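**Student:** See run_38.cif below, with mmCIF, C-alpha atoms.
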```cif
data_run
loop_
_atom_site.label_atom_id
_atom_site.label_comp_id
_atom_site.auth_asym_id
_atom_site.auth_seq_id
_atom_site.Cartn_x
_atom_site.Cartn_y
_atom_site.Cartn_z
CA MET L 1 68.77 -60.47 61.94
CA ALA L 2 66.47 -63.25 60.74
CA ARG L 3 63.64 -65.20 62.31
CA ILE L 4 64.76 -68.82 62.07
CA PHE L 5 62.67 -71.95 62.59
CA LEU L 6 64.78 -74.96 63.54
CA ILE L 7 63.46 -78.45 62.90
CA GLY L 8 65.73 -80.73 64.90
CA ALA L 9 66.49 -78.18 67.60
CA THR L 10 67.13 -80.85 70.25
CA GLY L 11 69.35 -83.05 68.06
CA GLY L 12 73.11 -83.38 67.89
CA VAL L 13 73.50 -80.61 65.31
CA GLY L 14 70.49 -78.50 66.25
CA HIS L 15 71.30 -78.06 69.93
CA ARG L 16 74.74 -76.79 68.94
CA LEU L 17 73.41 -74.56 66.16
CA ALA L 18 70.72 -72.72 68.10
CA PRO L 19 73.07 -70.90 70.53
CA MET L 20 75.24 -69.83 67.60
CA LEU L 21 72.24 -68.30 65.85
CA ILE L 22 71.12 -66.54 69.01
CA HIS L 23 74.66 -65.20 69.54
CA ALA L 24 74.47 -63.81 65.99
CA ARG L 25 71.31 -61.95 67.10
CA HIS L 26 68.82 -64.07 65.20
CA GLU L 27 65.46 -65.00 66.70
CA VAL L 28 65.16 -68.78 66.92
CA SER L 29 62.15 -71.06 67.30
CA GLY L 30 62.54 -74.80 67.75
CA LEU L 31 60.25 -77.77 67.22
CA TYR L 32 59.91 -80.13 70.20
CA ARG L 33 57.94 -83.23 71.24
CA SER L 34 58.07 -83.52 75.04
CA PRO L 35 57.54 -80.98 77.87
CA GLU L 36 61.08 -81.30 79.19
CA GLN L 37 62.42 -80.39 75.75
CA ALA L 38 60.29 -77.25 75.76
CA GLU L 39 61.75 -76.18 79.09
CA ALA L 40 65.30 -76.80 77.87
CA LEU L 41 64.71 -74.81 74.68
CA ARG L 42 63.18 -71.92 76.57
CA ALA L 43 66.17 -71.85 78.92
CA GLU L 44 68.45 -71.44 75.89
CA GLY L 45 66.45 -68.48 74.60
CA ILE L 46 64.66 -70.51 71.92
CA ALA L 47 60.91 -70.16 71.42
CA PRO L 48 59.55 -73.73 71.75
CA VAL L 49 56.93 -74.91 69.25
CA GLU L 50 55.24 -78.25 69.89
CA GLY L 51 55.16 -80.77 67.06
CA ASP L 52 56.11 -84.35 66.22
CA LEU L 53 57.45 -85.01 62.72
CA MET L 54 55.82 -88.44 62.78
CA GLU L 55 52.40 -86.84 63.14
CA ILE L 56 52.47 -83.23 61.98
CA ASP L 57 51.17 -82.51 58.48
CA ALA L 58 52.24 -79.76 56.10
CA LYS L 59 49.35 -77.46 57.08
CA ALA L 60 50.14 -77.72 60.79
CA LEU L 61 53.82 -77.19 60.08
CA GLY L 62 52.85 -74.19 57.98
CA ARG L 63 51.07 -72.68 60.97
CA ALA L 64 54.14 -73.35 63.12
CA VAL L 65 56.60 -71.64 60.78
CA ALA L 66 54.41 -68.61 60.04
CA GLY L 67 56.26 -65.36 60.60
CA HIS L 68 59.75 -66.81 60.08
CA ASP L 69 62.28 -65.93 57.40
CA VAL L 70 64.38 -69.12 57.36
CA ILE L 71 63.76 -72.82 58.03
CA VAL L 72 66.57 -75.21 58.96
CA PHE L 73 65.90 -78.96 58.83
CA SER L 74 68.47 -80.94 60.81
CA ALA L 75 66.20 -83.69 62.14
CA GLY L 76 66.69 -87.39 61.43
CA ALA L 77 65.33 -90.79 62.39
CA ALA L 78 68.82 -91.92 63.48
CA GLY L 79 68.29 -95.55 62.53
CA SER L 80 65.09 -95.94 64.55
CA GLY L 81 63.21 -97.87 61.86
CA LEU L 82 62.13 -97.73 58.24
CA ASP L 83 58.78 -96.11 59.00
CA ARG L 84 60.47 -93.32 60.94
CA THR L 85 63.12 -92.90 58.25
CA ALA L 86 60.45 -92.56 55.58
CA GLU L 87 58.41 -90.05 57.57
CA ILE L 88 61.16 -87.95 59.17
CA ASP L 89 64.02 -88.05 56.65
CA GLY L 90 61.78 -88.42 53.61
CA GLN L 91 58.46 -86.68 54.17
CA GLY L 92 59.81 -84.16 56.70
CA PRO L 93 61.63 -82.03 54.11
CA VAL L 94 58.65 -82.29 51.73
CA LYS L 95 56.38 -80.92 54.46
CA MET L 96 58.93 -78.18 55.07
CA ILE L 97 58.78 -77.14 51.42
CA GLU L 98 54.98 -77.00 51.46
CA ALA L 99 54.98 -75.08 54.76
CA ALA L 100 57.50 -72.60 53.39
CA ARG L 101 55.50 -71.99 50.23
CA ALA L 102 52.33 -71.43 52.23
CA ASN L 103 54.07 -68.65 54.15
CA GLY L 104 56.23 -67.09 51.44
CA ILE L 105 59.43 -68.33 53.10
CA ARG L 106 62.17 -68.76 50.50
CA ARG L 107 65.30 -69.67 52.49
CA LEU L 108 65.58 -73.35 53.44
CA TYR L 109 68.57 -75.30 54.75
CA LEU L 110 68.59 -79.11 54.79
CA VAL L 111 71.15 -81.33 56.51
CA SER L 112 71.39 -84.43 54.33
CA ALA L 113 74.11 -87.09 54.07
CA MET L 114 77.14 -87.64 51.88
CA PRO L 115 76.35 -90.70 49.71
CA GLU L 116 79.60 -92.40 50.76
CA ALA L 117 78.85 -92.04 54.49
CA GLY L 118 79.00 -95.42 56.20
CA ARG L 119 79.96 -97.42 53.13
CA GLY L 120 82.83 -99.87 53.39
CA GLY L 121 81.96 -100.71 56.98
CA ASP L 122 79.41 -102.81 58.80
CA VAL L 123 76.28 -101.00 57.65
CA LYS L 124 72.98 -101.46 59.46
CA ASP L 125 69.82 -102.95 57.99
CA GLY L 126 67.93 -100.27 56.14
CA PHE L 127 71.06 -98.36 55.11
CA GLU L 128 70.26 -98.34 51.40
CA PHE L 129 66.67 -97.34 52.13
CA TYR L 130 67.98 -94.47 54.27
CA MET L 131 70.31 -93.25 51.53
CA ARG L 132 67.60 -93.49 48.87
CA THR L 133 65.19 -91.60 51.12
CA LYS L 134 67.72 -88.84 51.78
CA LYS L 135 68.40 -88.46 48.06
CA GLU L 136 64.69 -88.22 47.26
CA ALA L 137 64.32 -85.45 49.85
CA ASP L 138 67.33 -83.64 48.39
CA ALA L 139 65.81 -83.87 44.92
CA ALA L 140 62.48 -82.51 46.12
CA LEU L 141 64.15 -79.48 47.68
CA ALA L 142 66.39 -78.90 44.65
CA ALA L 143 63.30 -78.87 42.42
CA SER L 144 61.38 -76.47 44.68
CA GLY L 145 62.60 -73.25 43.08
CA LEU L 146 63.27 -71.80 46.54
CA ASP L 147 66.56 -70.44 47.90
CA TRP L 148 67.76 -73.72 49.36
CA VAL L 149 71.09 -75.06 50.53
CA ILE L 150 71.61 -78.81 50.99
CA LEU L 151 74.52 -79.60 53.31
CA ARG L 152 75.80 -83.17 53.03
CA PRO L 153 78.15 -84.02 55.89
CA GLY L 154 80.27 -87.14 56.05
CA THR L 155 79.98 -89.55 58.94
CA LEU L 156 79.04 -87.54 62.03
CA LEU L 157 81.18 -87.47 65.16
CA HIS L 158 79.81 -86.63 68.62
CA GLU L 159 82.18 -83.70 69.09
CA ASP L 160 82.05 -79.93 69.20
CA GLY L 161 83.58 -78.08 66.27
CA ASP L 162 87.01 -76.57 65.76
CA GLY L 163 86.12 -74.48 62.69
CA MET L 164 88.51 -76.37 60.39
CA VAL L 165 86.66 -77.97 57.48
CA SER L 166 86.64 -79.22 53.95
CA LEU L 167 83.57 -77.58 52.37
CA ALA L 168 82.85 -77.47 48.64
CA ARG L 169 80.45 -78.65 45.97
CA ALA L 170 82.32 -81.97 46.01
CA VAL L 171 84.88 -83.20 48.53
CA THR L 172 86.45 -86.55 49.31
CA TYR L 173 84.56 -88.54 51.90
CA GLY L 174 85.51 -88.26 55.56
CA THR L 175 84.15 -87.71 59.04
CA VAL L 176 82.92 -84.44 60.49
CA LYS L 177 82.26 -83.18 63.99
CA ARG L 178 78.65 -82.27 64.66
CA GLY L 179 79.90 -78.95 65.99
CA ASN L 180 81.50 -78.21 62.63
CA VAL L 181 78.21 -78.98 60.89
CA ALA L 182 76.47 -76.50 63.19
CA GLN L 183 79.14 -73.84 62.64
CA THR L 184 78.88 -74.31 58.88
CA LEU L 185 75.10 -73.91 58.93
CA ALA L 186 75.39 -70.75 61.01
CA ALA L 187 77.94 -69.31 58.59
CA LEU L 188 75.83 -70.18 55.54
CA ILE L 189 72.72 -68.63 57.05
CA ASP L 190 74.62 -65.37 57.40
CA ARG L 191 75.55 -65.52 53.69
CA PRO L 192 72.17 -65.57 51.90
CA GLU L 193 73.87 -64.96 48.57
CA ILE L 194 74.96 -68.62 48.75
CA ARG L 195 71.83 -70.31 47.46
CA GLN L 196 70.70 -73.31 45.42
CA GLU L 197 73.84 -75.23 46.29
CA VAL L 198 74.52 -78.85 47.26
CA LEU L 199 77.60 -78.79 49.48
CA ASP L 200 79.74 -81.61 50.87
CA LEU L 201 81.32 -81.17 54.31
CA THR L 202 83.97 -82.99 56.30
CA ASP L 203 86.51 -81.99 58.89
CA GLY L 204 89.54 -80.53 57.17
CA HIS L 205 92.32 -77.98 57.20
CA THR L 206 90.59 -74.85 55.89
CA PRO L 207 89.21 -72.21 58.27
CA LEU L 208 85.44 -72.15 57.95
CA ALA L 209 85.20 -68.46 57.02
CA GLU L 210 87.68 -69.00 54.18
CA ALA L 211 85.80 -72.08 52.94
CA VAL L 212 82.48 -70.20 52.93
CA ASP L 213 84.01 -67.21 51.11
CA ALA L 214 85.20 -69.58 48.36
CA LEU L 215 81.61 -70.64 47.66
CA VAL L 216 80.46 -67.20 46.52
CA ARG L 217 80.06 -67.19 42.77
CA PRO L 218 81.49 -64.22 40.84
#
```
Let me see the file written as structure tokens.

**Tutor:**
Amino acid sequence: MARIFLIGATGGVGHRLAPMLIHARHEVSGLYRSPEQAEALRAEGIAPVEGDLMEIDAKALGRAVAGHDVIVFSAGAAGSGLDRTAEIDGQGPVKMIEAARANGIRRLYLVSAMPEAGRGGDVKDGFEFYMRTKKEADAALAASGLDWVILRPGTLLHEDGDGMVSLARAVTYGTVKRGNVAQTLAALIDRPEIRQEVLDLTDGHTPLAEAVDALVRP
């Protein structure tokens, strides 16, 4: 059992992930912004912790994550503006790293983005800025020396998971159900020997447990 702090607990991946972690007998805390989110988290068995990624600094985040063993960052600005992208997708993971170091927390999981996601279609303004920001956050975590895993899903679908994935250090671009992202994170958290890895994820034809087993280095 681990004490897990979830940044993005109310998001499309986070709200699916938290019940999985609780079912696996982990203790879960989740960051929230508004009172109704706190009530919803508490009803799910998640300890609510107030904080807004647009305002919270690394010291305040450090106080919030104190006493935890693992931090999961699945938050995102979701196309809500360049300023929010820079602060949430860019500075958010950097604050997480500083908060983890301040508390001796080594295990960090970051949901990033596959570089090909969204290309070839009608991309929104700010797309290249978003991708550059995500890559800079990935690089900061990879250079941290901590026991990180960066999970890079393809284009996200608003669907629960079926446990059938393509998961490896490099896979061909595709779409992925948010539920499969959550299931993959839950499985990786229960395999701490998988560390310092950048992993691509799409929906696929391999059972998740088999795909995770294949990641363990001899």

**Student:** Name the residues that the PyMOL selection byres ((chain L and resi 144-146) around 10) pulls out of this structure, and write them as a list of chain:residue names.

**Tutor:**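 When the PyMOL selection byres ((chain L and resi 144-146) around 10) is applied, the selected residues are L:Val94, L:Ile97, L:Glu98, L:Ala100, L:Arg101, L:Gly104, L:Ile105, L:Arg106, L:Arg107, L:Leu108, L:Ala139, L:Ala140, L:Leu141, L:Ala142, L:Ala143, L:Asp147, L:Trp148, L:Val149, L:Arg195, L:Gln196.
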
**Student:** Give as a VMD selection string every residue, naming chains and numbers as the document does, that has an atom within 10 Å of (59.0, -74.5, 55.8), counting all atoms listed in the file.

**Tutor:** chain L and resid 5 to 7 58 61 to 66 68 to 73 92 to 109

**Student:** Report, in Å to a single decimal, how far apart CA of Asp162 (chain L) and CA of Leu208 (chain L) are.

**Tutor:**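 So the two atoms, CA of Leu208 (chain L) and CA of Asp162 (chain L), lie 9.1 Å apart.
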
**Student:** Which residues are close to Glu159 (chain L), i.e. within 8 Å by only C-alpha atoms, leaving aside same-chain residues fewer than 3 positions away? Reply as a list in words.

**Tutor:**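 Listed by chain and then number, they are Lys177, Arg178 and Gly179 of chain L.
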
**Student:** Next, the residues of the selection above should be written as an mmCIF file, in the frame of the given file with C-alpha atoms.

**Tutor:**
```
data_model
loop_
_atom_site.group_PDB
_atom_site.id
_atom_site.type_symbol
_atom_site.label_atom_id
_atom_site.label_comp_id
_atom_site.auth_asym_id
_atom_site.auth_seq_id
_atom_site.Cartn_x
_atom_site.Cartn_y
_atom_site.Cartn_z
ATOM 1 C CA LYS L 177 82.260 -83.180 63.990
ATOM 2 C CA ARG L 178 78.650 -82.270 64.660
ATOM 3 C CA GLY L 179 79.900 -78.950 65.990
#
```

**Student:** Applying the PyMOL selection byres ((chain L and resi 164) around 8) to the file I just gave you, which residues come out? Please list them as a list in words.

**Tutor:** Gly161, Asp162, Gly163, Val165, Ser166, Asn180, Asp203, Gly204, His205, Thr206, Pro207 and Leu208 of chain L

**Student:** Env of Ile150 (chain L): 8 Å cut, atoms = all atoms listed in the file, seq-sep filter 5 positions within chain, self excluded. Answer as a list in words.

**Tutor:**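 In the requested form, the answer reads Tyr109, Leu110, Val111, Ser112, Asp138, Gln196, Glu197, Val198 and Leu199 of chain L.
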
**Student:** Of the residues L:Leu185, L:Leu53, L:Glu39, L:Asp125, which is the one nearest to Gly81 (chain L), using all atoms listed in the file?

**Tutor:**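 The shortest atom-to-atom distance to Gly81 (chain L) comes from L:Asp125.
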
**Student:** Figure out the distance between CA of Leu201 (chain L) and CA of Leu156 (chain L), please, to one decimal in Å.

**Tutor:**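 Atom-to-atom, CA of Leu156 (chain L) to CA of Leu201 (chain L), that is 10.3 Å.
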
**Student:** Selected by the PyMOL selection byres ((chain L and resi 45) around 12) in the shown coordinates: which residues, as a list in words?

**Tutor:**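 What the PyMOL selection byres ((chain L and resi 45) around 12) grabs from the file is Ala9, His15, Ala18, Pro19, Met20, Leu21, Ile22, His23, Arg25, His26, Glu27, Val28, Ser29, Gly30, Ala38, Glu39, Ala40, Leu41, Arg42, Ala43, Glu44, Ile46, Ala47 and Pro48 of chain L.
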
**Student:** Take the residues from that selection and put them in a file with C-alpha atoms, as a tab-separated table (two decimals), keeping the file's coordinate frame.

**Tutor:**
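Saved as out.tsv:
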```
chain	number	residue	atom	x	y	z
L	9	ALA	CA	66.49	-78.18	67.60
L	15	HIS	CA	71.30	-78.06	69.93
L	18	ALA	CA	70.72	-72.72	68.10
L	19	PRO	CA	73.07	-70.90	70.53
L	20	MET	CA	75.24	-69.83	67.60
L	21	LEU	CA	72.24	-68.30	65.85
L	22	ILE	CA	71.12	-66.54	69.01
L	23	HIS	CA	74.66	-65.20	69.54
L	25	ARG	CA	71.31	-61.95	67.10
L	26	HIS	CA	68.82	-64.07	65.20
L	27	GLU	CA	65.46	-65.00	66.70
L	28	VAL	CA	65.16	-68.78	66.92
L	29	SER	CA	62.15	-71.06	67.30
L	30	GLY	CA	62.54	-74.80	67.75
L	38	ALA	CA	60.29	-77.25	75.76
L	39	GLU	CA	61.75	-76.18	79.09
L	40	ALA	CA	65.30	-76.80	77.87
L	41	LEU	CA	64.71	-74.81	74.68
L	42	ARG	CA	63.18	-71.92	76.57
L	43	ALA	CA	66.17	-71.85	78.92
L	44	GLU	CA	68.45	-71.44	75.89
L	46	ILE	CA	64.66	-70.51	71.92
L	47	ALA	CA	60.91	-70.16	71.42
L	48	PRO	CA	59.55	-73.73	71.75
```

**Student:** Pick out the residues sitting within 10 Å of Glu55 (chain L), and hand them over as a list in words; count all atoms listed in the file, and ignore anything fewer than 5 positions along from it in its own chain.

**Tutor:**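 With the cut-off at 10 Å, the set is Ala60, Glu87 and Ile88 of chain L.
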
**Student:** Enumerate, as a CSV table (one decimal) with C-alpha atoms, in the frame of the given file, the protein, DNA and RNA residues whose atoms approach (70.7, -93.8, 52.7) to within 12 Å, taking into account only C-alpha atoms and the coordinate frame of the file.

**Tutor:**
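File point39.csv, as written:
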```csv
chain,number,residue,atom,x,y,z
L,76,GLY,CA,66.7,-87.4,61.4
L,77,ALA,CA,65.3,-90.8,62.4
L,78,ALA,CA,68.8,-91.9,63.5
L,79,GLY,CA,68.3,-95.6,62.5
L,82,LEU,CA,62.1,-97.7,58.2
L,85,THR,CA,63.1,-92.9,58.2
L,86,ALA,CA,60.4,-92.6,55.6
L,89,ASP,CA,64.0,-88.0,56.6
L,90,GLY,CA,61.8,-88.4,53.6
L,112,SER,CA,71.4,-84.4,54.3
L,113,ALA,CA,74.1,-87.1,54.1
L,114,MET,CA,77.1,-87.6,51.9
L,115,PRO,CA,76.4,-90.7,49.7
L,116,GLU,CA,79.6,-92.4,50.8
L,117,ALA,CA,78.8,-92.0,54.5
L,118,GLY,CA,79.0,-95.4,56.2
L,119,ARG,CA,80.0,-97.4,53.1
L,123,VAL,CA,76.3,-101.0,57.6
L,124,LYS,CA,73.0,-101.5,59.5
L,125,ASP,CA,69.8,-103.0,58.0
L,126,GLY,CA,67.9,-100.3,56.1
L,127,PHE,CA,71.1,-98.4,55.1
L,128,GLU,CA,70.3,-98.3,51.4
L,129,PHE,CA,66.7,-97.3,52.1
L,130,TYR,CA,68.0,-94.5,54.3
L,131,MET,CA,70.3,-93.2,51.5
L,132,ARG,CA,67.6,-93.5,48.9
L,133,THR,CA,65.2,-91.6,51.1
L,134,LYS,CA,67.7,-88.8,51.8
L,135,LYS,CA,68.4,-88.5,48.1
L,136,GLU,CA,64.7,-88.2,47.3
L,137,ALA,CA,64.3,-85.4,49.8
L,138,ASP,CA,67.3,-83.6,48.4
L,152,ARG,CA,75.8,-83.2,53.0
L,155,THR,CA,80.0,-89.6,58.9
```

**Student:** Could you tell me how far CA of Thr184 (chain L) lies from CA of Asp57 (chain L), in Å and to one decimal?

**Tutor:** 28.9 Å

**Student:** Which residue is closest to Ser74 (chain L)? Choose from L:Arg33, L:Gly154, L:Lys59, L:Arg16 and count all atoms listed in the file.

**Tutor:**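 Distance minimum relative to Ser74 (chain L) lands on L:Arg16.
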
**Student:** Compare L:Ala2, L:Gln91, L:Ala24, L:Ala186 by their minimum atom-to-atom distance to Met54 (chain L), counting only C-alpha atoms, and give me the closest one.

**Tutor:** L:Gln91

**Student:** Can you tell me, as a PyMOL selection string, what residues are no more than 9 Å from Val212 (chain L) when counting all atoms listed in the file, ignoring any on the same chain fewer than 6 positions away?

**Tutor:** chain L and resi 167-168+184+187-188+191+194

**Student:** In terms of the shortest atom-to-atom distance over only C-alpha atoms, which of L:Val49, L:Met1, L:Ala209, L:Ala182 is closest to Ser34 (chain L)?

**Tutor:** L:Val49
